[in-house]
Amino acid sequence: MDKFIYKKSAGITALSASMTDFTYKKHSHKEYAIGVTLRGIQHYNLDGSLQLSYQNGVMLFNPEQAHDGRAHDETGLDYVMLYIEPQLLLEVIEKKDIVRFLNPIVYDNRLEQRILNLSNAILSGKDEALCSELLLSLTDSLIQTNLSTDYKKDNVLIRKAKDMFHTNLENVLKLDEICKELNLSKFKFIRSFKAHTGISPYQYFLNCKIERAKQLIEKKRDIYSAVAECGFVDLTHLNKHFKSVYGTTAFEYMSHLN
């Protein structure tokens, strides 16, 4: 039985997931994603290489790091995940520039416990003040184990393309217009974008629309305005794409919100 429960507190989204048959499509998140495999083996491709997170494995995803995901075998998988906005993490660790996780999977009992403490607090509806304190403890452990300020920044053209995507989320992707603006051939742009981000321009654009819909659902509690403002054909269309990234439909996600 596949089950995905999301809760949000203190600016952090927590996910409790159990999956057997479900497979995440290749996608990325604008947040840092930090999780623990509780049971089974998490099987995913990250930056072109296969990763296996066994029980007690701490999984660390950088913002916009493309990945998929599934249970490694028929015994299934249980895990928790925290999604933390980059600006929030930087505020907590008192850094101005983006930081990156060095290793995708680590086995660290203290870090694991602090992730579980925070995810349990959010999922069980504890006070925001407590969640913020637990986030501080968690980031203290992260700093000691796995953070680096050395990372590959977007080049100017890729950054510009991403900005153009974000300003046109209610429309269909007009690749020709973007390529004309960037003075690149269509196929050179697709190749360059994929090499830099690990994901195609279309999939990135679709991810942006899905993330924007999620933000609108959280803010307005109105699923149909998310459909309209993000340019989805109808609720079925949004639900299908939302599920491929979050494991649950947009409608189910809204019903989980406090």
# chains A, B, ... in the order shown; residues from 1 in each chain; ligands from 1

call {"tool": "select_by_dssp", "arguments": {"residues": "segment 103-165 of chain A", "states": "helix (DSSP H, G or I)", "output": "PyMOL selection string"}}
result
chain A and resi 109-123+128-145+156-165

call {"tool": "residues_around", "arguments": {"residues": "segment 26-31 of chain A", "least_positions_apart": "2", "cutoff": "10 Å", "atoms": "only C-alpha atoms", "output": "VMD selection string"}}
result
chain A and resid 12 to 13 23 to 24 33 to 34 44 to 46 61 to 69 82 to 89 197 to 200 203 to 204 206 to 208 211 244 to 246

call {"tool": "residues_around", "arguments": {"residues": "Leu169 of chain A", "least_positions_apart": "2", "cutoff": "10 Å", "atoms": "only C-alpha atoms", "output": "PyMOL selection string"}}
result
chain A and resi 164-167+171-173+205-206+208-210+212-213+229-232

call {"tool": "closest_residue", "arguments": {"among": "A:Thr20, A:Ser9, A:Gln42, A:Ser192", "to": "Glu128 of chain A", "atoms": "only C-alpha atoms"}}
result
A:Ser9

call {"tool": "residues_around", "arguments": {"residues": "Phe4 of chain A", "least_positions_apart": "4", "cutoff": "7 Å", "atoms": "only C-alpha atoms", "output": "VMD selection string"}}
result
chain A and resid 15 to 18 247 to 248

call {"tool": "write_last_selection", "arguments": {"atoms": "C-alpha atoms", "output": "CSV table (one decimal), in the first residue's frame"}}
result
chain,number,residue,atom,x,y,z
A,15,LEU,CA,6.8,13.8,4.5
A,16,SER,CA,6.0,10.3,5.9
A,17,ALA,CA,6.0,7.8,3.1
A,18,SER,CA,5.5,4.1,2.6
A,247,GLY,CA,3.4,10.6,-4.5
A,248,THR,CA,0.0,12.0,-3.8

call {"tool": "residues_around", "arguments": {"residues": "Asn183 of chain A", "least_positions_apart": "5", "cutoff": "12 Å", "atoms": "only C-alpha atoms", "output": "JSON, numbers by chain"}}
result
{"A": [157, 160, 161, 175, 176, 177, 178, 188, 189]}

call {"tool": "write_last_selection", "arguments": {"atoms": "C-alpha atoms", "output": "PDB file, in the first residue's frame"}}
result
ATOM      1  CA  LEU A 157      22.302  31.526 -20.013  1.00  0.00           C
ATOM      2  CA  LYS A 160      18.267  33.418 -17.671  1.00  0.00           C
ATOM      3  CA  ALA A 161      16.352  30.455 -19.104  1.00  0.00           C
ATOM      4  CA  LEU A 175      11.044  26.807 -26.488  1.00  0.00           C
ATOM      5  CA  ASP A 176      11.545  28.692 -29.765  1.00  0.00           C
ATOM      6  CA  GLU A 177      11.033  32.064 -28.072  1.00  0.00           C
ATOM      7  CA  ILE A 178      13.466  31.224 -25.271  1.00  0.00           C
ATOM      8  CA  LYS A 188      21.986  23.087 -28.396  1.00  0.00           C
ATOM      9  CA  PHE A 189      19.882  24.676 -25.659  1.00  0.00           C
TER      10      PHE A 189
END

call {"tool": "residues_around", "arguments": {"residues": "Ala10 of chain A", "least_positions_apart": "3", "cutoff": "8 Å", "atoms": "only C-alpha atoms", "output": "JSON, numbers by chain"}}
result
{"A": [128, 129, 131, 132]}

call {"tool": "atom_distance", "arguments": {"atom1": "atom CA of Asp47 of chain A", "atom2": "atom CA of Ala195 of chain A"}}
result
9.8 Å

call {"tool": "closest_residue", "arguments": {"among": "A:Val36, A:Ala228, A:Val58, A:Leu136", "to": "Glu170 of chain A", "atoms": "only C-alpha atoms"}}
result
A:Ala228

call {"tool": "decode", "arguments": {"residues": "segment 42-59 of chain A", "atoms": "N, CA, C and O atoms", "output": "compact mmCIF listing (two decimals), in the first residue's frame"}}
result
# COMPACT_ATOMS: atom_id res chain seq x y z
N GLN A 42 15.94 2.39 -0.36
CA GLN A 42 15.53 3.45 -1.29
C GLN A 42 16.48 3.41 -2.49
O GLN A 42 17.69 3.46 -2.33
N HIS A 43 15.92 3.31 -3.68
CA HIS A 43 16.68 3.11 -4.91
C HIS A 43 16.43 4.32 -5.81
O HIS A 43 15.29 4.58 -6.18
N TYR A 44 17.48 5.09 -6.13
CA TYR A 44 17.27 6.27 -6.96
C TYR A 44 18.53 6.64 -7.74
O TYR A 44 19.64 6.27 -7.37
N ASN A 45 18.30 7.34 -8.83
CA ASN A 45 19.40 7.86 -9.64
C ASN A 45 19.55 9.34 -9.34
O ASN A 45 18.59 10.10 -9.36
N LEU A 46 20.78 9.75 -9.07
CA LEU A 46 21.08 11.13 -8.70
C LEU A 46 22.34 11.56 -9.46
O LEU A 46 23.38 10.92 -9.35
N ASP A 47 22.21 12.63 -10.23
CA ASP A 47 23.36 13.11 -11.02
C ASP A 47 23.97 11.99 -11.86
O ASP A 47 25.19 11.87 -11.98
N GLY A 48 23.11 11.13 -12.39
CA GLY A 48 23.58 10.09 -13.31
C GLY A 48 24.15 8.85 -12.65
O GLY A 48 24.63 7.95 -13.34
N SER A 49 24.11 8.76 -11.32
CA SER A 49 24.64 7.55 -10.68
C SER A 49 23.59 6.94 -9.74
O SER A 49 22.81 7.66 -9.11
N LEU A 50 23.60 5.62 -9.65
CA LEU A 50 22.64 4.90 -8.82
C LEU A 50 23.00 5.03 -7.35
O LEU A 50 24.17 4.87 -6.97
N GLN A 51 22.01 5.33 -6.52
CA GLN A 51 22.19 5.41 -5.07
C GLN A 51 21.25 4.42 -4.39
O GLN A 51 20.10 4.27 -4.80
N LEU A 52 21.75 3.76 -3.36
CA LEU A 52 20.94 2.87 -2.55
C LEU A 52 21.05 3.30 -1.10
O LEU A 52 22.15 3.32 -0.53
N SER A 53 19.94 3.70 -0.50
CA SER A 53 19.92 4.07 0.91
C SER A 53 19.29 2.94 1.70
O SER A 53 18.11 2.64 1.55
N TYR A 54 20.11 2.31 2.53
CA TYR A 54 19.63 1.19 3.35
C TYR A 54 19.03 1.73 4.65
O TYR A 54 19.04 2.94 4.89
N GLN A 55 18.50 0.84 5.48
CA GLN A 55 17.89 1.26 6.74
C GLN A 55 18.86 2.13 7.54
O GLN A 55 20.05 1.80 7.64
N ASN A 56 18.35 3.23 8.07
CA ASN A 56 19.11 4.23 8.84
C ASN A 56 19.98 5.14 7.97
O ASN A 56 20.72 5.98 8.49
N GLY A 57 19.89 4.98 6.66
CA GLY A 57 20.63 5.87 5.76
C GLY A 57 20.02 7.26 5.76
O GLY A 57 18.80 7.41 5.68
N VAL A 58 20.87 8.28 5.85
CA VAL A 58 20.42 9.67 5.77
C VAL A 58 20.63 10.15 4.34
O VAL A 58 21.76 10.14 3.83
N MET A 59 19.54 10.53 3.68
CA MET A 59 19.59 10.97 2.28
C MET A 59 19.61 12.49 2.22
O MET A 59 18.81 13.15 2.89
